[in-house]
Amino acid sequence: MPKLTIDGKEIEVADGLNLIKAADQAGIEIPHYCYHPGLSVPGNCRMCLVEVEKAPKLQIACNTKVAEGMVVHTKSERTKIAQKAVLEFLLINHPIDCPVCDQAGECKLQDYYMDYDEQPSRFPLGKKNKKGKALDIGSGVLLDQERCIVCGRCTRFFDEITKTSELAIFQRGDQCQISHWPDRPVDNRYATNVVDICPVGALTEKEFRFRMRVWYLHRTPSVCGGCERGCSIDIYQNRGRIYRFKPRQNPEVNSYWMCDEGRHSFPSLQSESRLTTPLYQDKDRLVAETWSDAMRRAATRITELGKQYGANAIGAVIGAQATNEEAFALKNLIKDTIGSDKLATLSWSPPGASGDDDLLIRANKNPNTRGLAALGLPTDGLDALSNAVASGELKMLIAMRADLVKPLGEAEFIRRFGALDYLLVLDTDANEIGQMANQLWPIGAYPEIDGSFTNFKGRVQKIVSAFPPPGQALSAIEAIARLGHALDGLERPKDAAAVFSAMAQQEPAFAAMALEALGPHGKDLAQP
Ligand code: SF4
Ligand code: SF4
Ligand code: FES
């Protein structure tokens, strides 16, 4: 652990760190463009020049490792002159696009100009080089060559991470420009990550461009529900409307990246088909009712069927889109409150969905298959449930985030489950199983609720509600707690942290964990 001094502050940091990271740990910013911690270090932008005592010239902080006794100055006169010179050089041919640039508000040229430069341009406006504007380079990415500072982050991403190498730097000197190879546009499933890492407004995303100024967006840390990898993400929303997902760094799960499929999955979470009020079936029509009527109706049915046919007349199927807490709460309701052992899970992925690759994407499009297994729920178990329907043992099914019509098809679903007396569906959208339900309860989608998912490697990660569910929709754990209360008059925890702590006491796989203590990177399930 070398000790060094940066701007008069003595710090001790891990061996092998570069000066940008070491300074960051001391709360000191060293401006940089080409350096990105997830990529190789080319040292080409020179924005990170700092003064290191005893070194004859200024050094680039991105490629200078810490050493015992090193003394570094990031705000000395020599450093400041270098920073101004580099910015003036980078801005010589930069267009005056800020008022119409979608990067405004998160552009490192704007930010560093204000923090390290603030000098008027000495270059005549009319003499600036003209290059390509808003070029569609493929995979939903637009390129503005005039705004590019040729830092090479995008080319390195495609060379080193996706290994598809679609982009390169062409020409020399002030004619340098980023472009794709002739007739070979960008075409890979991780392309939009270059928009995230481009430090300026040269690469923007077609889908997001001009939809919302970034300073109106609120950021909430969460987890992508698009597959069992569970990439750490940030949800950006304004007044309950999601505008973008961006990857959040997690060395245990997704490094700095996410796939485009997961990134663009949010419109399906906010579609016109969202349910906003509890419904019940009345003469083949779904009719709205209050939550208290809905609870009374379901509890009466459960009690009647239990008395007439025994506790095993009531069962549940839990989809692997459910959080750990939701699955735990419904499992407890079925097993402990009702006394039934009729439980199954559904972990279904649409046919034709993308398969496993060697970066992040997983063929299993459910975020919590491993979590349901860790709770001891049967993997699948649908055959056992439909056999119990056929034998007349199972009369009522509660389906939570489990549209059985999708994997089975309507005819097969009716053949296997059509003899049920009662179907209670808890879901976010008016889906196919919901159309056949006796009761249909609206619950929050994952950006709207607190809880946790367990990814396929056993990493338990926290999700945080970015905004409340629409209309009268409830979090599923609250709906289950209210149903439990309607059955036995007992109060149950309605928030995810309290359900998680009950789960940690009862379930060995979650022993000694707490929702808040999962931190930004999550924790591994307890080893058996
Ligand atoms: S397009 Fe962006 S990331 Fe790529 S070289 Fe230019 S400034 Fe860097
Ligand atoms: S790899 Fe899976 S979890 Fe990660 S962003 Fe893509 S869909 Fe989401
Ligand atoms: S960040 Fe060090 S040279 Fe670019």
# chains A, B, ... in the order shown; residues from 1 in each chain; ligands from 1
>>> residues_near_ligand(ligand="ligand 2", cutoff="12 Å", atoms="only C-alpha atoms and all ligand atoms", output="PyMOL selection string")
chain A and resi 189-193+222-234+245-250+253-266+349+353-368+453-456+461
>>> select_by_dssp(residues="stretch 122-198 of chain A", states="alpha helix (DSSP H)", output="NGL selection string")
:A and (153-156 or 193-197)
>>> write_last_selection(atoms="N, CA, C and O atoms", output="tab-separated table (two decimals), in the first residue's frame")
chain	number	residue	atom	x	y	z
A	153	ARG	N	-12.59	6.05	-27.25
A	153	ARG	CA	-13.30	5.12	-26.35
A	153	ARG	C	-14.21	4.18	-27.13
A	153	ARG	O	-14.30	3.00	-26.85
A	154	CYS	N	-14.92	4.74	-28.14
A	154	CYS	CA	-15.90	3.92	-28.88
A	154	CYS	C	-15.19	2.83	-29.67
A	154	CYS	O	-15.63	1.67	-29.68
A	155	THR	N	-14.08	3.18	-30.32
A	155	THR	CA	-13.37	2.16	-31.12
A	155	THR	C	-12.80	1.09	-30.20
A	155	THR	O	-12.84	-0.09	-30.51
A	156	ARG	N	-12.31	1.49	-29.04
A	156	ARG	CA	-11.76	0.49	-28.10
A	156	ARG	C	-12.87	-0.40	-27.56
A	156	ARG	O	-12.67	-1.60	-27.34
A	193	ASN	N	-23.76	1.04	-25.62
A	193	ASN	CA	-22.78	1.37	-24.57
A	193	ASN	C	-21.81	2.46	-25.02
A	193	ASN	O	-21.28	3.20	-24.19
A	194	VAL	N	-21.58	2.58	-26.34
A	194	VAL	CA	-20.66	3.63	-26.79
A	194	VAL	C	-21.26	5.02	-26.59
A	194	VAL	O	-20.52	5.99	-26.44
A	195	VAL	N	-22.59	5.10	-26.59
A	195	VAL	CA	-23.24	6.38	-26.31
A	195	VAL	C	-22.95	6.78	-24.85
A	195	VAL	O	-22.67	7.94	-24.54
A	196	ASP	N	-23.01	5.78	-23.95
A	196	ASP	CA	-22.73	6.06	-22.53
A	196	ASP	C	-21.30	6.53	-22.32
A	196	ASP	O	-21.04	7.41	-21.51
A	197	ILE	N	-20.35	5.92	-23.03
A	197	ILE	CA	-18.95	6.22	-22.71
A	197	ILE	C	-18.38	7.36	-23.54
A	197	ILE	O	-17.31	7.87	-23.21
>>> closest_residue(among="A:Cys62, A:Met396, A:Val317, A:Ala374", to="ligand 3", atoms="only C-alpha atoms and all ligand atoms")
A:Cys62
>>> residues_around(residues="A:Ala67", least_positions_apart="4", cutoff="8 Å", atoms="only C-alpha atoms", output="list in words")
Pro2, Lys3, Leu4 and Asp15 of chain A
>>> closest_residue(among="A:Glu410, A:Asp421, A:Asp427, A:Glu166", to="A:Thr276", atoms="only C-alpha atoms")
A:Asp427
>>> residues_near_ligand(ligand="ligand 3", cutoff="7 Å", atoms="only C-alpha atoms and all ligand atoms", output="MDAnalysis selection string")
chainID A and resid 32:35 42:49 60:63
>>> residues_around(residues="A:Ala497", least_positions_apart="5", cutoff="10 Å", atoms="only C-alpha atoms", output="PyMOL selection string")
chain A and resi 325+450-452+502-503+514-516
>>> write_last_selection(atoms="N, CA, C and O atoms", output="mmCIF file, in the first residue's frame")
data_model
loop_
_atom_site.group_PDB
_atom_site.id
_atom_site.type_symbol
_atom_site.label_atom_id
_atom_site.label_comp_id
_atom_site.auth_asym_id
_atom_site.auth_seq_id
_atom_site.Cartn_x
_atom_site.Cartn_y
_atom_site.Cartn_z
ATOM 1 N N GLU A 325 -38.946 -11.227 -2.282
ATOM 2 C CA GLU A 325 -39.875 -10.918 -1.198
ATOM 3 C C GLU A 325 -41.297 -11.315 -1.563
ATOM 4 O O GLU A 325 -42.046 -11.831 -0.722
ATOM 5 N N ASP A 450 -39.906 -1.806 -4.225
ATOM 6 C CA ASP A 450 -38.661 -2.170 -3.549
ATOM 7 C C ASP A 450 -38.583 -3.688 -3.473
ATOM 8 O O ASP A 450 -39.615 -4.364 -3.450
ATOM 9 N N GLY A 451 -37.387 -4.203 -3.376
ATOM 10 C CA GLY A 451 -37.235 -5.651 -3.232
ATOM 11 C C GLY A 451 -35.874 -6.106 -3.708
ATOM 12 O O GLY A 451 -34.908 -5.322 -3.700
ATOM 13 N N SER A 452 -35.799 -7.370 -4.126
ATOM 14 C CA SER A 452 -34.513 -7.903 -4.579
ATOM 15 C C SER A 452 -34.725 -9.026 -5.592
ATOM 16 O O SER A 452 -35.749 -9.702 -5.573
ATOM 17 N N ALA A 502 -37.705 -11.047 7.531
ATOM 18 C CA ALA A 502 -38.372 -12.314 7.900
ATOM 19 C C ALA A 502 -37.806 -13.456 7.065
ATOM 20 O O ALA A 502 -37.566 -14.572 7.564
ATOM 21 N N MET A 503 -37.554 -13.166 5.787
ATOM 22 C CA MET A 503 -37.005 -14.192 4.882
ATOM 23 C C MET A 503 -35.604 -14.617 5.346
ATOM 24 O O MET A 503 -35.256 -15.805 5.334
ATOM 25 N N ALA A 514 -29.592 -8.532 4.942
ATOM 26 C CA ALA A 514 -30.620 -7.498 5.133
ATOM 27 C C ALA A 514 -30.702 -6.708 3.837
ATOM 28 O O ALA A 514 -29.678 -6.517 3.157
ATOM 29 N N LEU A 515 -31.913 -6.270 3.480
ATOM 30 C CA LEU A 515 -32.102 -5.609 2.183
ATOM 31 C C LEU A 515 -31.170 -4.405 2.046
ATOM 32 O O LEU A 515 -30.476 -4.243 1.044
ATOM 33 N N GLU A 516 -31.153 -3.542 3.084
ATOM 34 C CA GLU A 516 -30.343 -2.331 2.980
ATOM 35 C C GLU A 516 -28.863 -2.665 2.889
ATOM 36 O O GLU A 516 -28.099 -1.988 2.214
#
>>> residues_near_ligand(ligand="ligand 1", cutoff="6 Å", atoms="only C-alpha atoms and all ligand atoms", output="number ranges by chain")
A: 148-154, 198-200, 202-203
>>> atom_distance(atom1="atom CA of A:Ser165", atom2="atom CA of A:Arg209")
24.5 Å
>>> select_by_dssp(residues="stretch 125-164 of chain A", states="strand (DSSP E)", output="number ranges by chain")
A: 135-138, 141-143
>>> residues_around(residues="stretch 134-140 of chain A", least_positions_apart="6", cutoff="8 Å", atoms="only C-alpha atoms", output="list in words")
Ser179, His180, Pro185, Val186, Asp187, Asn188, Arg189, Ala191, Thr192, Glu205, Lys206 and Glu207 of chain A
>>> closest_residue(among="A:Val71, A:Leu279, A:Ala526, A:Met1", to="A:Leu19", atoms="only C-alpha atoms")
A:Val71
>>> atom_distance(atom1="atom CA of A:Gln119", atom2="atom CA of A:Gly201")
20.9 Å
>>> atom_distance(atom1="atom CA of A:Ala14", atom2="atom CA of A:Ala26")
12.5 Å
>>> closest_residue(among="A:Leu377, A:Leu269, A:Ile178, A:Ala498", to="A:Pro469", atoms="only C-alpha atoms")
A:Leu269
>>> closest_residue(among="A:Ile28, A:Ala299, A:Ile169, A:Lys406", to="A:Gly489", atoms="only C-alpha atoms")
A:Ala299
>>> closest_residue(among="A:Gln59, A:Ala411, A:Met513, A:Pro31", to="A:Met114", atoms="only C-alpha atoms")
A:Pro31
>>> residues_around(residues="A:Ser273", least_positions_apart="4", cutoff="8 Å", atoms="only C-alpha atoms", output="list in words")
Asp429, Ala430 and Asn431 of chain A
>>> write_last_selection(atoms="C-alpha atoms", output="mmCIF file, in the first residue's frame")
data_model
loop_
_atom_site.group_PDB
_atom_site.id
_atom_site.type_symbol
_atom_site.label_atom_id
_atom_site.label_comp_id
_atom_site.auth_asym_id
_atom_site.auth_seq_id
_atom_site.Cartn_x
_atom_site.Cartn_y
_atom_site.Cartn_z
ATOM 1 C CA ASP A 429 -50.825 -5.997 -17.361
ATOM 2 C CA ALA A 430 -54.078 -7.174 -18.895
ATOM 3 C CA ASN A 431 -52.567 -10.378 -20.253
#
